[in-house]
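*Asks:* My structure is stored as run-v3.cif, with mmCIF, N, CA and C atoms.
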data_input
#
loop_
_atom_site.group_PDB
_atom_site.id
_atom_site.type_symbol
_atom_site.label_atom_id
_atom_site.label_comp_id
_atom_site.auth_asym_id
_atom_site.auth_seq_id
_atom_site.Cartn_x
_atom_site.Cartn_y
_atom_site.Cartn_z
ATOM 1 N N MET A 1 9.324 -28.704 1.403
ATOM 2 C CA MET A 1 8.795 -28.484 2.733
ATOM 3 C C MET A 1 7.315 -28.149 2.639
ATOM 4 N N SER A 2 6.549 -28.812 3.434
ATOM 5 C CA SER A 2 5.128 -28.501 3.445
ATOM 6 C C SER A 2 4.587 -28.708 4.839
ATOM 7 N N ALA A 3 3.449 -28.119 5.079
ATOM 8 C CA ALA A 3 2.828 -28.237 6.392
ATOM 9 C C ALA A 3 1.858 -29.399 6.389
ATOM 10 N N ARG A 4 1.704 -29.974 7.542
ATOM 11 C CA ARG A 4 0.706 -31.017 7.712
ATOM 12 C C ARG A 4 -0.555 -30.322 8.197
ATOM 13 N N CYS A 5 -1.674 -30.767 7.707
ATOM 14 C CA CYS A 5 -2.915 -30.224 8.243
ATOM 15 C C CYS A 5 -3.747 -31.386 8.753
ATOM 16 N N HIS A 6 -4.463 -31.119 9.814
ATOM 17 C CA HIS A 6 -5.398 -32.106 10.324
ATOM 18 C C HIS A 6 -6.632 -32.004 9.459
ATOM 19 N N THR A 7 -6.972 -33.078 8.794
ATOM 20 C CA THR A 7 -8.051 -33.007 7.817
ATOM 21 C C THR A 7 -9.394 -33.457 8.358
ATOM 22 N N ALA A 8 -9.486 -33.635 9.653
ATOM 23 C CA ALA A 8 -10.787 -33.984 10.220
ATOM 24 C C ALA A 8 -11.772 -32.854 9.933
ATOM 25 N N ALA A 9 -12.956 -33.228 9.547
ATOM 26 C CA ALA A 9 -13.969 -32.211 9.243
ATOM 27 C C ALA A 9 -14.305 -31.428 10.501
ATOM 28 N N PRO A 10 -14.560 -30.150 10.364
ATOM 29 C CA PRO A 10 -14.964 -29.357 11.528
ATOM 30 C C PRO A 10 -16.177 -29.981 12.193
ATOM 31 N N GLN A 11 -16.204 -29.955 13.500
ATOM 32 C CA GLN A 11 -17.275 -30.594 14.245
ATOM 33 C C GLN A 11 -18.464 -29.653 14.369
ATOM 34 N N GLY A 12 -19.330 -29.713 13.430
ATOM 35 C CA GLY A 12 -20.537 -28.891 13.470
ATOM 36 C C GLY A 12 -20.294 -27.507 12.903
ATOM 37 N N SER A 13 -21.096 -27.123 11.942
ATOM 38 C CA SER A 13 -20.899 -25.828 11.301
ATOM 39 C C SER A 13 -21.153 -24.678 12.267
ATOM 40 N N ALA A 14 -21.990 -24.873 13.269
ATOM 41 C CA ALA A 14 -22.247 -23.795 14.232
ATOM 42 C C ALA A 14 -20.977 -23.455 14.998
ATOM 43 N N GLN A 15 -20.200 -24.481 15.384
ATOM 44 C CA GLN A 15 -18.948 -24.213 16.081
ATOM 45 C C GLN A 15 -17.980 -23.455 15.191
ATOM 46 N N GLY A 16 -17.879 -23.854 13.937
ATOM 47 C CA GLY A 16 -17.005 -23.159 13.003
ATOM 48 C C GLY A 16 -17.408 -21.705 12.832
ATOM 49 N N GLN A 17 -18.717 -21.475 12.735
ATOM 50 C CA GLN A 17 -19.203 -20.109 12.600
ATOM 51 C C GLN A 17 -18.903 -19.285 13.839
ATOM 52 N N GLN A 18 -19.016 -19.895 15.014
ATOM 53 C CA GLN A 18 -18.721 -19.166 16.253
ATOM 54 C C GLN A 18 -17.263 -18.750 16.288
ATOM 55 N N GLN A 19 -16.381 -19.627 15.834
ATOM 56 C CA GLN A 19 -14.959 -19.283 15.817
ATOM 57 C C GLN A 19 -14.735 -18.067 14.927
ATOM 58 N N PHE A 20 -15.338 -18.063 13.740
ATOM 59 C CA PHE A 20 -15.138 -16.951 12.830
ATOM 60 C C PHE A 20 -15.787 -15.679 13.352
ATOM 61 N N GLN A 21 -16.896 -15.795 14.069
ATOM 62 C CA GLN A 21 -17.545 -14.612 14.616
ATOM 63 C C GLN A 21 -16.698 -13.976 15.703
ATOM 64 N N ARG A 22 -15.927 -14.786 16.434
ATOM 65 C CA ARG A 22 -15.056 -14.233 17.477
ATOM 66 C C ARG A 22 -13.928 -13.414 16.872
ATOM 67 N N LEU A 23 -13.520 -13.784 15.661
ATOM 68 C CA LEU A 23 -12.491 -13.003 14.987
ATOM 69 C C LEU A 23 -13.124 -11.723 14.466
ATOM 70 N N LYS A 24 -12.443 -10.647 14.653
ATOM 71 C CA LYS A 24 -12.976 -9.368 14.213
ATOM 72 C C LYS A 24 -12.326 -8.967 12.905
ATOM 73 N N VAL A 25 -12.979 -8.078 12.216
ATOM 74 C CA VAL A 25 -12.432 -7.553 10.971
ATOM 75 C C VAL A 25 -11.047 -6.967 11.240
ATOM 76 N N GLU A 26 -10.890 -6.363 12.411
ATOM 77 C CA GLU A 26 -9.602 -5.772 12.767
ATOM 78 C C GLU A 26 -8.498 -6.823 12.817
ATOM 79 N N ASP A 27 -8.848 -8.043 13.262
ATOM 80 C CA ASP A 27 -7.858 -9.124 13.308
ATOM 81 C C ASP A 27 -7.355 -9.446 11.900
ATOM 82 N N ALA A 28 -8.274 -9.555 10.973
ATOM 83 C CA ALA A 28 -7.897 -9.869 9.594
ATOM 84 C C ALA A 28 -7.096 -8.733 8.981
ATOM 85 N N LEU A 29 -7.520 -7.508 9.212
ATOM 86 C CA LEU A 29 -6.802 -6.361 8.657
ATOM 87 C C LEU A 29 -5.411 -6.242 9.262
ATOM 88 N N SER A 30 -5.304 -6.514 10.550
ATOM 89 C CA SER A 30 -4.003 -6.480 11.216
ATOM 90 C C SER A 30 -3.069 -7.532 10.621
ATOM 91 N N TYR A 31 -3.601 -8.714 10.370
ATOM 92 C CA TYR A 31 -2.786 -9.778 9.780
ATOM 93 C C TYR A 31 -2.347 -9.379 8.366
ATOM 94 N N LEU A 32 -3.258 -8.830 7.594
ATOM 95 C CA LEU A 32 -2.893 -8.368 6.245
ATOM 96 C C LEU A 32 -1.800 -7.312 6.302
ATOM 97 N N ASP A 33 -1.887 -6.407 7.268
ATOM 98 C CA ASP A 33 -0.850 -5.388 7.431
ATOM 99 C C ASP A 33 0.501 -6.025 7.752
ATOM 100 N N GLN A 34 0.489 -7.050 8.612
ATOM 101 C CA GLN A 34 1.740 -7.745 8.936
ATOM 102 C C GLN A 34 2.367 -8.352 7.687
ATOM 103 N N VAL A 35 1.525 -8.992 6.879
ATOM 104 C CA VAL A 35 2.023 -9.612 5.643
ATOM 105 C C VAL A 35 2.573 -8.541 4.712
ATOM 106 N N LYS A 36 1.834 -7.464 4.553
ATOM 107 C CA LYS A 36 2.250 -6.398 3.638
ATOM 108 C C LYS A 36 3.564 -5.763 4.089
ATOM 109 N N LEU A 37 3.699 -5.517 5.387
ATOM 110 C CA LEU A 37 4.939 -4.937 5.907
ATOM 111 C C LEU A 37 6.121 -5.893 5.750
ATOM 112 N N ARG A 38 5.888 -7.155 6.041
ATOM 113 C CA ARG A 38 6.962 -8.146 5.964
ATOM 114 C C ARG A 38 7.510 -8.257 4.549
ATOM 115 N N PHE A 39 6.617 -8.164 3.573
ATOM 116 C CA PHE A 39 7.029 -8.358 2.187
ATOM 117 C C PHE A 39 6.984 -7.054 1.398
ATOM 118 N N GLY A 40 7.275 -5.949 2.083
ATOM 119 C CA GLY A 40 7.261 -4.648 1.427
ATOM 120 C C GLY A 40 8.182 -4.569 0.227
ATOM 121 N N ASN A 41 9.296 -5.302 0.295
ATOM 122 C CA ASN A 41 10.228 -5.304 -0.833
ATOM 123 C C ASN A 41 9.949 -6.455 -1.803
ATOM 124 N N GLN A 42 8.902 -7.235 -1.521
ATOM 125 C CA GLN A 42 8.488 -8.337 -2.396
ATOM 126 C C GLN A 42 6.966 -8.283 -2.573
ATOM 127 N N PRO A 43 6.469 -7.280 -3.266
ATOM 128 C CA PRO A 43 5.009 -7.127 -3.368
ATOM 129 C C PRO A 43 4.312 -8.330 -4.002
ATOM 130 N N GLN A 44 5.036 -9.119 -4.784
ATOM 131 C CA GLN A 44 4.397 -10.279 -5.409
ATOM 132 C C GLN A 44 3.963 -11.304 -4.372
ATOM 133 N N VAL A 45 4.715 -11.422 -3.262
ATOM 134 C CA VAL A 45 4.338 -12.367 -2.207
ATOM 135 C C VAL A 45 3.007 -11.939 -1.589
ATOM 136 N N TYR A 46 2.872 -10.655 -1.306
ATOM 137 C CA TYR A 46 1.617 -10.136 -0.756
ATOM 138 C C TYR A 46 0.475 -10.357 -1.742
ATOM 139 N N ASN A 47 0.724 -10.069 -3.004
ATOM 140 C CA ASN A 47 -0.310 -10.270 -4.026
ATOM 141 C C ASN A 47 -0.673 -11.742 -4.182
ATOM 142 N N ASP A 48 0.319 -12.613 -4.073
ATOM 143 C CA ASP A 48 0.041 -14.053 -4.132
ATOM 144 C C ASP A 48 -0.850 -14.473 -2.964
ATOM 145 N N PHE A 49 -0.583 -13.924 -1.780
ATOM 146 C CA PHE A 49 -1.410 -14.234 -0.618
ATOM 147 C C PHE A 49 -2.852 -13.777 -0.861
ATOM 148 N N LEU A 50 -3.017 -12.579 -1.373
ATOM 149 C CA LEU A 50 -4.366 -12.091 -1.680
ATOM 150 C C LEU A 50 -5.061 -12.981 -2.701
ATOM 151 N N ASP A 51 -4.316 -13.448 -3.695
ATOM 152 C CA ASP A 51 -4.894 -14.350 -4.703
ATOM 153 C C ASP A 51 -5.354 -15.668 -4.075
ATOM 154 N N ILE A 52 -4.572 -16.190 -3.141
ATOM 155 C CA ILE A 52 -4.958 -17.424 -2.443
ATOM 156 C C ILE A 52 -6.277 -17.201 -1.702
ATOM 157 N N MET A 53 -6.374 -16.072 -1.029
ATOM 158 C CA MET A 53 -7.594 -15.773 -0.274
ATOM 159 C C MET A 53 -8.794 -15.599 -1.207
ATOM 160 N N LYS A 54 -8.580 -14.986 -2.350
ATOM 161 C CA LYS A 54 -9.673 -14.819 -3.324
ATOM 162 C C LYS A 54 -10.136 -16.175 -3.859
ATOM 163 N N GLU A 55 -9.173 -17.063 -4.136
ATOM 164 C CA GLU A 55 -9.531 -18.398 -4.622
ATOM 165 C C GLU A 55 -10.323 -19.169 -3.567
ATOM 166 N N PHE A 56 -9.955 -18.996 -2.305
ATOM 167 C CA PHE A 56 -10.686 -19.657 -1.232
ATOM 168 C C PHE A 56 -12.102 -19.098 -1.129
ATOM 169 N N LYS A 57 -12.210 -17.790 -1.163
ATOM 170 C CA LYS A 57 -13.526 -17.161 -1.035
ATOM 171 C C LYS A 57 -14.459 -17.575 -2.167
ATOM 172 N N SER A 58 -13.906 -17.732 -3.361
ATOM 173 C CA SER A 58 -14.728 -18.136 -4.508
ATOM 174 C C SER A 58 -14.922 -19.655 -4.563
ATOM 175 N N GLN A 59 -14.390 -20.368 -3.576
ATOM 176 C CA GLN A 59 -14.516 -21.818 -3.443
ATOM 177 C C GLN A 59 -13.797 -22.591 -4.545
ATOM 178 N N ARG A 60 -12.806 -21.961 -5.158
ATOM 179 C CA ARG A 60 -11.966 -22.677 -6.129
ATOM 180 C C ARG A 60 -10.835 -23.405 -5.422
ATOM 181 N N LEU A 61 -10.654 -23.099 -4.130
ATOM 182 C CA LEU A 61 -9.590 -23.696 -3.333
ATOM 183 C C LEU A 61 -10.156 -24.021 -1.961
ATOM 184 N N GLY A 62 -9.954 -25.248 -1.512
ATOM 185 C CA GLY A 62 -10.448 -25.657 -0.197
ATOM 186 C C GLY A 62 -9.437 -25.365 0.903
ATOM 187 N N THR A 63 -9.828 -25.647 2.125
ATOM 188 C CA THR A 63 -8.963 -25.366 3.278
ATOM 189 C C THR A 63 -7.613 -26.071 3.181
ATOM 190 N N PRO A 64 -7.550 -27.369 2.856
ATOM 191 C CA PRO A 64 -6.229 -28.005 2.738
ATOM 192 C C PRO A 64 -5.354 -27.343 1.664
ATOM 193 N N GLY A 65 -5.964 -26.916 0.573
ATOM 194 C CA GLY A 65 -5.215 -26.216 -0.475
ATOM 195 C C GLY A 65 -4.679 -24.880 0.001
ATOM 196 N N VAL A 66 -5.493 -24.158 0.763
ATOM 197 C CA VAL A 66 -5.056 -22.877 1.327
ATOM 198 C C VAL A 66 -3.877 -23.115 2.266
ATOM 199 N N ILE A 67 -3.996 -24.119 3.119
ATOM 200 C CA ILE A 67 -2.919 -24.426 4.070
ATOM 201 C C ILE A 67 -1.622 -24.731 3.323
ATOM 202 N N GLY A 68 -1.710 -25.549 2.310
ATOM 203 C CA GLY A 68 -0.519 -25.902 1.538
ATOM 204 C C GLY A 68 0.126 -24.709 0.871
ATOM 205 N N ARG A 69 -0.683 -23.886 0.242
ATOM 206 C CA ARG A 69 -0.126 -22.734 -0.477
ATOM 207 C C ARG A 69 0.396 -21.662 0.462
ATOM 208 N N VAL A 70 -0.315 -21.386 1.533
ATOM 209 C CA VAL A 70 0.156 -20.390 2.502
ATOM 210 C C VAL A 70 1.425 -20.900 3.190
ATOM 211 N N SER A 71 1.469 -22.189 3.507
ATOM 212 C CA SER A 71 2.656 -22.762 4.139
ATOM 213 C C SER A 71 3.883 -22.622 3.247
ATOM 214 N N GLN A 72 3.682 -22.821 1.979
ATOM 215 C CA GLN A 72 4.792 -22.675 1.028
ATOM 216 C C GLN A 72 5.190 -21.207 0.899
ATOM 217 N N LEU A 73 4.216 -20.350 0.780
ATOM 218 C CA LEU A 73 4.478 -18.917 0.588
ATOM 219 C C LEU A 73 5.203 -18.313 1.787
ATOM 220 N N PHE A 74 4.808 -18.713 2.992
ATOM 221 C CA PHE A 74 5.372 -18.146 4.221
ATOM 222 C C PHE A 74 6.333 -19.114 4.915
ATOM 223 N N ARG A 75 6.906 -20.045 4.183
ATOM 224 C CA ARG A 75 7.696 -21.125 4.780
ATOM 225 C C ARG A 75 8.829 -20.645 5.678
ATOM 226 N N ASP A 76 9.353 -19.467 5.459
ATOM 227 C CA ASP A 76 10.455 -18.952 6.275
ATOM 228 C C ASP A 76 9.992 -17.917 7.292
ATOM 229 N N HIS A 77 8.696 -17.872 7.543
ATOM 230 C CA HIS A 77 8.134 -16.840 8.419
ATOM 231 C C HIS A 77 7.187 -17.494 9.433
ATOM 232 N N GLN A 78 7.797 -18.077 10.459
ATOM 233 C CA GLN A 78 7.073 -18.836 11.473
ATOM 234 C C GLN A 78 5.927 -18.040 12.095
ATOM 235 N N ASP A 79 6.156 -16.780 12.401
ATOM 236 C CA ASP A 79 5.121 -15.978 13.052
ATOM 237 C C ASP A 79 3.909 -15.781 12.158
ATOM 238 N N LEU A 80 4.125 -15.618 10.858
ATOM 239 C CA LEU A 80 2.991 -15.462 9.945
ATOM 240 C C LEU A 80 2.207 -16.764 9.834
ATOM 241 N N LEU A 81 2.912 -17.883 9.805
ATOM 242 C CA LEU A 81 2.224 -19.179 9.737
ATOM 243 C C LEU A 81 1.391 -19.416 10.987
ATOM 244 N N MET A 82 1.966 -19.146 12.138
ATOM 245 C CA MET A 82 1.223 -19.347 13.388
ATOM 246 C C MET A 82 0.051 -18.364 13.481
ATOM 247 N N GLY A 83 0.246 -17.149 13.010
ATOM 248 C CA GLY A 83 -0.839 -16.169 13.008
ATOM 249 C C GLY A 83 -1.978 -16.580 12.098
ATOM 250 N N PHE A 84 -1.665 -17.285 11.024
ATOM 251 C CA PHE A 84 -2.689 -17.719 10.082
ATOM 252 C C PHE A 84 -3.586 -18.792 10.681
ATOM 253 N N ASN A 85 -3.057 -19.567 11.617
ATOM 254 C CA ASN A 85 -3.844 -20.639 12.232
ATOM 255 C C ASN A 85 -5.156 -20.137 12.828
ATOM 256 N N LYS A 86 -5.175 -18.936 13.375
ATOM 257 C CA LYS A 86 -6.407 -18.485 14.029
ATOM 258 C C LYS A 86 -7.544 -18.251 13.038
ATOM 259 N N PHE A 87 -7.224 -18.217 11.759
ATOM 260 C CA PHE A 87 -8.267 -18.023 10.744
ATOM 261 C C PHE A 87 -8.753 -19.338 10.149
ATOM 262 N N LEU A 88 -8.121 -20.436 10.532
ATOM 263 C CA LEU A 88 -8.501 -21.741 9.984
ATOM 264 C C LEU A 88 -9.674 -22.326 10.767
ATOM 265 N N PRO A 89 -10.543 -23.058 10.073
ATOM 266 C CA PRO A 89 -11.668 -23.702 10.763
ATOM 267 C C PRO A 89 -11.171 -24.745 11.756
ATOM 268 N N ARG A 90 -11.998 -25.021 12.736
ATOM 269 C CA ARG A 90 -11.697 -26.057 13.728
ATOM 270 C C ARG A 90 -11.368 -27.365 12.998
ATOM 271 N N GLY A 91 -10.320 -28.024 13.454
ATOM 272 C CA GLY A 91 -9.918 -29.280 12.839
ATOM 273 C C GLY A 91 -8.769 -29.131 11.862
ATOM 274 N N TYR A 92 -8.367 -27.906 11.566
ATOM 275 C CA TYR A 92 -7.266 -27.648 10.652
ATOM 276 C C TYR A 92 -6.199 -26.848 11.377
ATOM 277 N N GLU A 93 -4.937 -27.141 11.038
ATOM 278 C CA GLU A 93 -3.847 -26.460 11.717
ATOM 279 C C GLU A 93 -2.571 -26.570 10.896
ATOM 280 N N ILE A 94 -1.797 -25.516 10.868
ATOM 281 C CA ILE A 94 -0.454 -25.577 10.308
ATOM 282 C C ILE A 94 0.464 -25.975 11.457
ATOM 283 N N VAL A 95 1.219 -27.044 11.247
ATOM 284 C CA VAL A 95 2.089 -27.565 12.291
ATOM 285 C C VAL A 95 3.527 -27.253 11.907
ATOM 286 N N LEU A 96 4.193 -26.443 12.714
ATOM 287 C CA LEU A 96 5.510 -25.942 12.359
ATOM 288 C C LEU A 96 6.575 -27.010 12.225
ATOM 289 N N GLU A 97 6.572 -28.020 13.063
ATOM 290 C CA GLU A 97 7.642 -29.007 12.945
ATOM 291 C C GLU A 97 7.616 -29.699 11.592
ATOM 292 N N CYS A 98 6.476 -29.716 10.947
ATOM 293 C CA CYS A 98 6.409 -30.287 9.612
ATOM 294 C C CYS A 98 6.947 -29.308 8.582
ATOM 295 N N VAL A 99 6.733 -28.028 8.816
ATOM 296 C CA VAL A 99 7.200 -27.019 7.879
ATOM 297 C C VAL A 99 8.726 -27.009 7.839
ATOM 298 N N TRP A 100 9.334 -27.167 9.017
ATOM 299 C CA TRP A 100 10.797 -27.122 9.085
ATOM 300 C C TRP A 100 11.427 -28.497 9.145
ATOM 301 N N GLY A 101 10.621 -29.529 9.005
ATOM 302 C CA GLY A 101 11.140 -30.885 8.944
ATOM 303 C C GLY A 101 11.663 -31.417 10.262
ATOM 304 N N GLY A 102 11.209 -30.836 11.386
ATOM 305 C CA GLY A 102 11.720 -31.248 12.700
ATOM 306 C C GLY A 102 10.951 -32.296 13.341
#
Would you mind writing the structure in this file as structure tokens?
*Replies:*
Amino acid sequence: MSARCHTAAPQGSAQGQQQFQRLKVEDALSYLDQVKLRFGNQPQVYNDFLDIMKEFKSQRLGTPGVIGRVSQLFRDHQDLLMGFNKFLPRGYEIVLECVWGG
């Protein structure tokens, strides 16, 4: 099972930056808290998520790679997958019907 991502390049870096500026640090921290709480009995899943984010930040992993790995990691957690979409650049999206094969 994997997610489909729209691979069209973001339309203008200024638009992408505006999207990220609208997101607040609190949004990211809240999402991290959700992940940590959900996997409280599976700390490796939370640590794997942090590793994915570190690889992305260091540019060792691109957006499609992040989508694929996060989709696999959270494959049984629809709300976490949908919540992750708000952090993706314009033009990229995790599509649930692909994750569940519907």
*Asks:* One decimal, Å: what's the distance from atom CA of A:Lys86 over to atom CA of A:Asn41, could you say?
*Replies:*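 Those two atoms sit 25.9 Å apart.
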*Asks:* Of the residues A:Leu80, A:Leu29, A:Leu37, A:Val66, which is the one nearest to A:Ile52, using only N, CA and C atoms?
*Replies:*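 That would be A:Val66, the residue with the smallest distance to A:Ile52.
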*Asks:* Write out as a list in words the residues lying within 8 Å of A:Thr63, counting only N, CA and C atoms and excluding same-chain residues fewer than 6 positions away.
*Replies:*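 That gives Phe56, Arg69, Leu88, Pro89 and Tyr92 of chain A.
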*Asks:* Report as a ChimeraX atom specification all protein, DNA and RNA residues lying within 8 Å of A:Phe49, evaluated on only C-alpha atoms, omitting residues in the same chain fewer than 4 positions from it.
*Replies:* /A:45,53,70,73
*Asks:* To one decimal place in Å, what is the distance between atom CA of A:Gly40 and atom C of A:Pro64?
*Replies:* 26.0 Å
*Asks:* Report, in Å to a single decimal, how far apart atom C of A:Leu96 and atom N of A:Lys57 are.
*Replies:*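 Those two atoms sit 24.8 Å apart.
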*Asks:* Take stretch 73-94 of chain A, bring it up to N, CA, C and O atoms, and give me the output as a short mmCIF file (atom, residue, chain, number, x, y, z; two decimals), in the frame of the given file.
*Replies:*
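The new file selection10.cif reads:
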data_model
loop_
_atom_site.label_atom_id
_atom_site.label_comp_id
_atom_site.auth_asym_id
_atom_site.auth_seq_id
_atom_site.Cartn_x
_atom_site.Cartn_y
_atom_site.Cartn_z
N LEU A 73 4.22 -20.35 0.78
CA LEU A 73 4.48 -18.92 0.59
C LEU A 73 5.20 -18.31 1.79
O LEU A 73 6.12 -17.51 1.63
N PHE A 74 4.81 -18.71 2.99
CA PHE A 74 5.37 -18.15 4.22
C PHE A 74 6.33 -19.11 4.92
O PHE A 74 6.55 -19.01 6.12
N ARG A 75 6.91 -20.05 4.18
CA ARG A 75 7.70 -21.12 4.78
C ARG A 75 8.83 -20.64 5.68
O ARG A 75 9.22 -21.35 6.60
N ASP A 76 9.35 -19.47 5.46
CA ASP A 76 10.46 -18.95 6.28
C ASP A 76 9.99 -17.92 7.29
O ASP A 76 10.81 -17.17 7.83
N HIS A 77 8.70 -17.87 7.54
CA HIS A 77 8.13 -16.84 8.42
C HIS A 77 7.19 -17.49 9.43
O HIS A 77 5.97 -17.44 9.30
N GLN A 78 7.80 -18.08 10.46
CA GLN A 78 7.07 -18.84 11.47
C GLN A 78 5.93 -18.04 12.10
O GLN A 78 4.83 -18.57 12.30
N ASP A 79 6.16 -16.78 12.40
CA ASP A 79 5.12 -15.98 13.05
C ASP A 79 3.91 -15.78 12.16
O ASP A 79 2.77 -15.81 12.63
N LEU A 80 4.12 -15.62 10.86
CA LEU A 80 2.99 -15.46 9.94
C LEU A 80 2.21 -16.76 9.83
O LEU A 80 0.97 -16.76 9.77
N LEU A 81 2.91 -17.88 9.80
CA LEU A 81 2.22 -19.18 9.74
C LEU A 81 1.39 -19.42 10.99
O LEU A 81 0.24 -19.83 10.90
N MET A 82 1.97 -19.15 12.14
CA MET A 82 1.22 -19.35 13.39
C MET A 82 0.05 -18.36 13.48
O MET A 82 -1.03 -18.72 13.94
N GLY A 83 0.25 -17.15 13.01
CA GLY A 83 -0.84 -16.17 13.01
C GLY A 83 -1.98 -16.58 12.10
O GLY A 83 -3.15 -16.29 12.37
N PHE A 84 -1.66 -17.28 11.02
CA PHE A 84 -2.69 -17.72 10.08
C PHE A 84 -3.59 -18.79 10.68
O PHE A 84 -4.76 -18.90 10.31
N ASN A 85 -3.06 -19.57 11.62
CA ASN A 85 -3.84 -20.64 12.23
C ASN A 85 -5.16 -20.14 12.83
O ASN A 85 -6.15 -20.85 12.81
N LYS A 86 -5.18 -18.94 13.38
CA LYS A 86 -6.41 -18.48 14.03
C LYS A 86 -7.54 -18.25 13.04
O LYS A 86 -8.69 -18.15 13.44
N PHE A 87 -7.22 -18.22 11.76
CA PHE A 87 -8.27 -18.02 10.74
C PHE A 87 -8.75 -19.34 10.15
O PHE A 87 -9.68 -19.35 9.34
N LEU A 88 -8.12 -20.44 10.53
CA LEU A 88 -8.50 -21.74 9.98
C LEU A 88 -9.67 -22.33 10.77
O LEU A 88 -9.78 -22.14 11.97
N PRO A 89 -10.54 -23.06 10.07
CA PRO A 89 -11.67 -23.70 10.76
C PRO A 89 -11.17 -24.74 11.76
O PRO A 89 -10.08 -25.30 11.62
N ARG A 90 -12.00 -25.02 12.74
CA ARG A 90 -11.70 -26.06 13.73
C ARG A 90 -11.37 -27.36 13.00
O ARG A 90 -12.04 -27.73 12.04
N GLY A 91 -10.32 -28.02 13.45
CA GLY A 91 -9.92 -29.28 12.84
C GLY A 91 -8.77 -29.13 11.86
O GLY A 91 -8.23 -30.12 11.39
N TYR A 92 -8.37 -27.91 11.57
CA TYR A 92 -7.27 -27.65 10.65
C TYR A 92 -6.20 -26.85 11.38
O TYR A 92 -6.51 -25.99 12.21
N GLU A 93 -4.94 -27.14 11.04
CA GLU A 93 -3.85 -26.46 11.72
C GLU A 93 -2.57 -26.57 10.90
O GLU A 93 -2.30 -27.62 10.31
N ILE A 94 -1.80 -25.52 10.87
CA ILE A 94 -0.45 -25.58 10.31
C ILE A 94 0.46 -25.98 11.46
O ILE A 94 0.46 -25.34 12.51
#
